[in-house]
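To start, the structure under review is shown below, and the notes come after it.
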Amino acid sequence: MTMRKILPVCTLIVLITSSLGWFSCQQQEEPQKRSVTSMNNEGWIDLFNGTDLDGWHLQKAGGPNGWKIENGFYVNTPPSTDIMTDKEFYNFQLHVEFNVAPGSNSGVYMRDKYEIQILDTYGKPTADNGCGSLYRRIPPTTNAARPAGEWQTYEATFIDQRLTVDHNEIRILDNVDVGPKGTGAA
């Protein structure tokens with residue numbers, strides 16, 4: 001598979017403390033509206049091959065590595081250093097499947113600066129540190145989290161400084177301006 005246009009400006013980093021299904025990414029010039037069910041593989045890059053950590057590296061070289069593959073999924077056993085993709089992406093669509101263990105706290109970092117929070121927040125009020133939030137900046141418009149132990153999805157479109165996120169096929173961040181300031185530990 002190939003990217004439509006590569007703009008190697010920033011890095012997509014993924015921080016996970018729960019099992020993950022797979023990631024795929026498509027470089028974009030303009031946002032495209034797609035649902036999970038209508039996605040095809042044209043132009044998409046699988047970021048996870050289901051067998052090993054090829055295409056990923058530890059954010060802190062030499063740090064503790066609790067990452068392994070079990071039954072075709074990423075699994076992280078803390079303490080562990082975050083992992084990040086070897087390739088860099090700027091304008092893109094990202095599909096993430098994740099399964100949150102009870103009490104888990106994790107996230108998907110994009111451009112080494114912005115985090116979409118992954119957290120066990122089923123049934124709780126929305127918050128700027130809740131599942132689906134642009135961490136500590138913008139809460140999701142609704143809590144679309146499923147109970148811990150159930151598979152969930154993010155569909156993120158990040159073009160320039162604008163971010164749109166669908167969580168479990170519900171739009172929770174709609175073309176929000178991420179601004180210049182990072183989130184979380186960025």
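Identifiers for the structure tokens are assigned positionally: chains receive A, B, ... in sequence, residues are indexed from 1 per chain, and ligands are indexed from 1 in the order shown.
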* To do: Pick out the residues sitting within 9 Å of range 177-179 of chain A, and hand them over as a ChimeraX atom specification; count only C-alpha atoms, and ignore anything fewer than 3 positions along from it in its own chain.
  => /A:114,134,137-138,161-163,182
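Proximity of A:Tyr122, A:Tyr90, A:Tyr109, A:Phe98 to Pro147 in chain A, computed with only C-alpha atoms, is greatest for A:Tyr122.
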Which residues of range 36-130 of chain A have any atom within 7 Å of an atom in range 150-153 of chain A when counting only C-alpha atoms, and what is the closest pair of atoms for each, with the distance in Å to one decimal? Order the rows by chain and rising number and write it as a tab-separated table.
residue	atom	partner	partner_atom	distance
A:Val96	CA	A:Thr153	CA	5.5
A:Glu97	CA	A:Thr153	CA	4.5
A:Phe98	CA	A:Gln152	CA	5.3
A:Asn99	CA	A:Trp151	CA	4.7
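With CA of Asn143 in chain A on one side and CA of Asn76 in chain A on the other, the separation reads 25.0 Å.
Omitting Gln117 in chain A and its sequence neighbours fewer than 3 positions away, and counting only C-alpha atoms, the residues within 6 Å are A:Gly107, A:Cys131, A:Gly132, A:Ser133, A:Tyr135.
Look at range 62-64 of chain A: the protein and nucleic acid residues within 10 Å of it, using only C-alpha atoms and passing over chain neighbours fewer than 3 places away, are Leu58, Gln59, Trp67, Pro78, Pro79, Ser80, Thr81 and Asp82 of chain A.
Of the listed residues (A:Ile118, A:Pro125, A:Arg136, A:Ile172), A:Ile118 comes nearest to Ala148 in chain A; the distances count only C-alpha atoms.
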* Give me every strand (DSSP E or B) residue in range 15-184 of chain A, going by DSSP on the backbone, as an NGL selection string. => :A and (15 or 19-27 or 45-46 or 56-58 or 67-70 or 73-76 or 83-88 or 92-99 or 105-110 or 114-119 or 134 or 138 or 151-159 or 162-167 or 170-177)
* Which neighbours of Ala144 in chain A fall inside 7 Å, counting only C-alpha atoms, when residues of the same chain fewer than 2 positions from it are skipped, and could you give them as number ranges by chain? -> A: 142, 146, 167-168, 170
Export of prior selection with all heavy atoms as a short mmCIF file (atom, residue, chain, number, x, y, z; two decimals), in the first residue's frame:
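And here is the file that came out, out_17.cif:
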data_model
loop_
_atom_site.label_atom_id
_atom_site.label_comp_id
_atom_site.auth_asym_id
_atom_site.auth_seq_id
_atom_site.Cartn_x
_atom_site.Cartn_y
_atom_site.Cartn_z
N THR A 142 -19.73 13.97 23.86
CA THR A 142 -20.51 12.94 24.54
C THR A 142 -19.57 11.82 24.95
O THR A 142 -18.50 11.66 24.36
CB THR A 142 -21.65 12.40 23.63
OG1 THR A 142 -22.50 11.56 24.39
CG2 THR A 142 -21.11 11.64 22.44
N ARG A 146 -17.37 2.44 25.82
CA ARG A 146 -18.03 1.18 26.16
C ARG A 146 -17.45 0.68 27.48
O ARG A 146 -16.39 1.13 27.92
CB ARG A 146 -17.80 0.16 25.05
CG ARG A 146 -18.48 0.56 23.76
CD ARG A 146 -18.24 -0.47 22.67
NE ARG A 146 -18.94 -0.04 21.46
CZ ARG A 146 -18.55 -0.37 20.25
NH1 ARG A 146 -17.48 -1.13 20.05
NH2 ARG A 146 -19.24 0.05 19.20
N HIS A 167 -15.73 8.20 17.98
CA HIS A 167 -15.47 7.14 18.96
C HIS A 167 -16.64 6.18 18.88
O HIS A 167 -17.77 6.58 19.14
CB HIS A 167 -15.33 7.76 20.34
CG HIS A 167 -14.99 6.80 21.43
ND1 HIS A 167 -15.00 7.17 22.75
CD2 HIS A 167 -14.63 5.49 21.42
CE1 HIS A 167 -14.66 6.15 23.50
NE2 HIS A 167 -14.43 5.11 22.71
N ASN A 168 -16.36 4.94 18.49
CA ASN A 168 -17.41 3.94 18.32
C ASN A 168 -18.52 4.45 17.40
O ASN A 168 -19.70 4.31 17.67
CB ASN A 168 -17.97 3.50 19.67
CG ASN A 168 -16.91 2.86 20.54
OD1 ASN A 168 -16.04 2.17 20.04
ND2 ASN A 168 -16.97 3.12 21.83
N ILE A 170 -19.46 7.45 16.80
CA ILE A 170 -20.15 8.65 17.28
C ILE A 170 -19.15 9.81 17.22
O ILE A 170 -18.06 9.73 17.79
CB ILE A 170 -20.68 8.47 18.72
CG1 ILE A 170 -21.72 7.33 18.75
CG2 ILE A 170 -21.25 9.77 19.26
CD1 ILE A 170 -22.11 6.91 20.15
#
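You will find CA of Ile83 in chain A at 10.1 Å from CA of Gly55 in chain A.
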* To do: Show which residues sit within 8 Å of Lys68 in chain A, as a ChimeraX atom specification. Count only C-alpha atoms, and ignore same-chain residues fewer than 5 positions away.
  => /A:52-53,74-76
Kindly export the residues of the current selection with C-alpha atoms, as a PDB file, in the first residue's frame.
ATOM      1  CA  ASP A  52       5.655  -8.233  15.751  1.00  0.00           C
ATOM      2  CA  LEU A  53       6.617  -4.618  16.485  1.00  0.00           C
ATOM      3  CA  TYR A  74      -0.247  -5.363  21.113  1.00  0.00           C
ATOM      4  CA  VAL A  75      -0.130  -5.872  24.867  1.00  0.00           C
ATOM      5  CA  ASN A  76       1.806  -3.665  27.273  1.00  0.00           C
TER       6      ASN A  76
END
